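J.: Here it is, the structure in full.
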Amino acid sequence: MFPTPIEKRSRSAQVSYQSLLPLALILWLLPLLAVANFSIKPESDFVNGNYWGLPSSFDLFANYGRVFFESNMPRYLLNSLLITIPTVIGAVALSAMAGFALGVYRFKGNLLIFFMFIAGNFVPFQILMVPVRDLTIDMNLYDTKTGLILFHIAFQTGFCTLFMRNFIRALPFPLIEAARVEGVAEWKIFWYVVLPLMKPALAALAVLIFTFIWNDYFWAVVLTQGPDAQPVTAGITEFNSQFRAAYHLMSAGSIVAALPPVAMFFLMQKHFIAGLTLGAVK
């Protein structure tokens with residue numbers, strides 16, 4: 001039996017997709033592959049103009065060893081962890097409680113408060129740069145990890161609350177009503193009934209916020225200076241002055257800085273996808 005015109009078009013579309021997808025993937029990964037190639041090249045390759053060719057010799061451990069032992073990279077990585085992990089915990093915890101209140105309770109001003117959370121996401125950070133910096137100075141939080149943590153939690157809670165509230169609204173409300181009929185306290189309903197159902201959303205949100213905060217450069221530069229409080233995104237700019245035109249070392253530092261969020265995503269990939277897709281279809 002001969003294929004119909006619709007089947008022919010479907011088969012041609014499938015072949016085109018399978019052919020173009022690897023090409024698109026290579027183009028998308030090309031900058032990352034170039035940086036990875038730079039990070040294992042010896043310094044002589046750049047002196048001789050070998051920028052895009054294969055390395056003349058592999059100095060993998062030499063380059064990454066210099067990044068770790070001749071710079072403040074370990075301290076910057078530790079600062080990023082000490083900033084990112086408390087921020088993720090704080091933002092996710094606050095947004096889970098706020099999302100529960102806005103998604104379950106019906107009270108006057110519910111929508112107004114919800115819209116205020118949403119409106120905060122549309123304020124450009126550049127407008128807030130000067131007042132936020134002055135506020136951290138007045139509160140003695142400038143150039144401290146605590147200052148970055150508090151302001152990251154404040155800025156991320158709006159988006160997280162939007163995410164959590166919509167997720168909670170999709171949960172089966174009869175479960176909450178049944179618990180209330182049994183006389184269960186509201187905080188127990190949140191802790192024992194709603195929170196276990198929110199695990200996929202919590203995991204997805206934790207991955208997103210971890211990536212946002214780890215990769216943040218704007219507030220890291222505005223609110224910190226020096227290795228005592230700067231995260232890795234801001235601290236890696238020190239390489240420009242320390243190593244100047246040492247592209248191989250700067251590339252190695254960039255690869256090291258990018259590894260934690262990538263590892264976080266792959267470790268939580270199953271929960272991340274489940275959290276984003278749960279409730280997408282009825």
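Residue numbering restarts at 1 in every chain; chains get A, B, ... in the order shown in the structure tokens, and ligands count up from 1 in that same order.
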If you count only C-alpha atoms, which residues fall within 10 Å of Pro86 (chain A), apart from same-chain ones fewer than 6 positions away, as a VMD selection string?
T.: chain A and resid 92 146 149 to 150 152 to 153 210
J.: Hey, can you spit out that residue selection with N, CA and C atoms as a CSV table (one decimal), in the first residue's frame?
T.:
```csv
chain,number,residue,atom,x,y,z
A,92,VAL,N,12.3,29.6,48.9
A,92,VAL,CA,11.3,28.5,48.7
A,92,VAL,C,10.4,28.3,49.9
A,146,THR,N,25.6,38.2,54.0
A,146,THR,CA,24.3,38.3,54.6
A,146,THR,C,23.4,39.3,53.8
A,149,ILE,N,22.3,37.6,50.6
A,149,ILE,CA,21.3,36.6,50.9
A,149,ILE,C,19.9,37.2,51.1
A,150,LEU,N,19.9,38.3,51.9
A,150,LEU,CA,18.6,38.9,52.3
A,150,LEU,C,18.0,39.5,51.0
A,152,HIS,N,18.6,38.8,47.8
A,152,HIS,CA,18.2,37.8,46.9
A,152,HIS,C,16.9,37.1,47.3
A,153,ILE,N,16.7,36.8,48.6
A,153,ILE,CA,15.4,36.3,49.0
A,153,ILE,C,14.3,37.2,48.8
A,210,PHE,N,18.4,28.1,42.4
A,210,PHE,CA,19.8,27.8,42.5
A,210,PHE,C,20.6,28.4,41.3
```
J.: With a distance cut-off of 7 Å and only C-alpha atoms, select the neighbouring residues of Ile168 (chain A), excluding the residue or stretch itself and same-chain residues fewer than 6 positions from it, and output the selection as number ranges by chain.
T.: A: 99-100, 103
J.: For the selection just defined, write its residues with C-alpha atoms to a file, as a tab-separated table (two decimals), in the first residue's frame.
T.:
```tsv
chain	number	residue	atom	x	y	z
A	99	GLY	CA	1.47	30.45	48.15
A	100	PHE	CA	-0.53	28.34	50.62
A	103	GLY	CA	-4.04	29.75	47.13
```
J.: Please measure the separation of CA of Gly253 (chain A) and CA of Phe61 (chain A), giving the value in Å to one decimal.
T.: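 Going from CA of Gly253 (chain A) over to CA of Phe61 (chain A) covers 12.5 Å.
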J.: Go ahead and compute the interatomic distance for CA of Gln126 (chain A) and CA of Thr84 (chain A), in Å to one decimal.
T.: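 CA of Thr84 (chain A) lies 21.4 Å from CA of Gln126 (chain A).
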J.: Mind the document's chain letters and residue numbers, and return as a ChimeraX atom specification the residues of region 144-266 of chain A that DSSP labels alpha helix (DSSP H).
T.: /A:145-169,173-181,186-188,195-197,199-214,218-223,232-235,238-242,247-266
J.: If I take CA of Ala34 (chain A) and CA of Leu78 (chain A), how far is one from the other in Å, to one decimal?
T.: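 So the answer is 26.7 Å.
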J.: Taking only C-alpha atoms into account, name the residue in A:Ile137, A:Phe115, A:Ala93, A:Phe122 that is nearest to Ala203 (chain A).
T.: A:Ala93
J.: Which residues, written as a short mmCIF file (atom, residue, chain, number, x, y, z; two decimals) with N, CA, C and O atoms, in the first residue's frame, have at least one atom at most 9 Å from Ser57 (chain A), with only C-alpha atoms counted and residues fewer than 6 positions away on the same chain left out?
T.:
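So out_10.cif came out as:
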```cif
data_model
loop_
_atom_site.label_atom_id
_atom_site.label_comp_id
_atom_site.auth_asym_id
_atom_site.auth_seq_id
_atom_site.Cartn_x
_atom_site.Cartn_y
_atom_site.Cartn_z
N ILE A 40 42.07 23.82 28.12
CA ILE A 40 43.07 22.74 28.20
C ILE A 40 44.30 23.03 27.32
O ILE A 40 45.16 22.19 27.18
N LYS A 41 44.34 24.24 26.74
CA LYS A 41 45.48 24.58 25.89
C LYS A 41 46.63 25.14 26.71
O LYS A 41 46.41 25.83 27.72
N PRO A 42 47.85 24.92 26.28
CA PRO A 42 48.99 25.58 26.93
C PRO A 42 49.07 27.04 26.50
O PRO A 42 48.51 27.44 25.48
N ASP A 45 50.18 28.07 22.84
CA ASP A 45 49.25 28.06 21.70
C ASP A 45 48.71 29.45 21.41
O ASP A 45 48.55 29.85 20.26
#
```
J.: Got a sec: who's within 8 Å of Pro231 (chain A), counting only C-alpha atoms, leaving out chain neighbours fewer than 2 positions off, as a PyMOL selection string?
T.: chain A and resi 76-80+83+214+220+227+229+233-235
J.: So which residues touch Ile189 (chain A) within 8 Å, counting only C-alpha atoms, skipping near sequence neighbours fewer than 5 positions away, as a CSV table (one decimal) with all heavy atoms, in the first residue's frame?
T.:
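Generated file (result07.csv):
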```csv
chain,number,residue,atom,x,y,z
A,176,ILE,N,-8.0,19.1,51.7
A,176,ILE,CA,-7.9,20.2,52.7
A,176,ILE,C,-9.2,20.2,53.5
A,176,ILE,O,-9.2,20.3,54.8
A,176,ILE,CB,-7.5,21.5,52.1
A,176,ILE,CG1,-6.2,21.4,51.4
A,176,ILE,CG2,-7.5,22.6,53.2
A,176,ILE,CD1,-5.8,22.7,50.6
A,179,ALA,N,-9.5,17.4,55.9
A,179,ALA,CA,-8.7,17.6,57.1
A,179,ALA,C,-9.3,18.6,58.1
A,179,ALA,O,-9.2,18.4,59.3
A,179,ALA,CB,-7.3,18.0,56.7
A,180,ARG,N,-9.9,19.6,57.6
A,180,ARG,CA,-10.6,20.6,58.4
A,180,ARG,C,-11.8,20.0,59.1
A,180,ARG,O,-12.0,20.3,60.3
A,180,ARG,CB,-11.0,21.8,57.6
A,180,ARG,CG,-9.8,22.7,57.1
A,180,ARG,CD,-10.3,23.8,56.2
A,180,ARG,NE,-9.2,24.7,55.9
A,180,ARG,CZ,-9.3,25.6,54.9
A,180,ARG,NH1,-10.4,25.7,54.2
A,180,ARG,NH2,-8.3,26.4,54.7
A,184,VAL,N,-8.2,19.1,62.1
A,184,VAL,CA,-6.8,19.3,62.0
A,184,VAL,C,-6.4,20.8,61.9
A,184,VAL,O,-7.1,21.6,61.2
A,184,VAL,CB,-6.2,18.6,60.7
A,184,VAL,CG1,-4.7,18.8,60.6
A,184,VAL,CG2,-6.6,17.1,60.8
A,194,VAL,N,-0.5,19.4,52.5
A,194,VAL,CA,-0.2,20.2,51.3
A,194,VAL,C,1.3,20.0,50.9
A,194,VAL,O,1.7,19.8,49.7
A,194,VAL,CB,-0.5,21.7,51.4
A,194,VAL,CG1,-0.1,22.5,50.3
A,194,VAL,CG2,-2.0,21.8,51.6
```
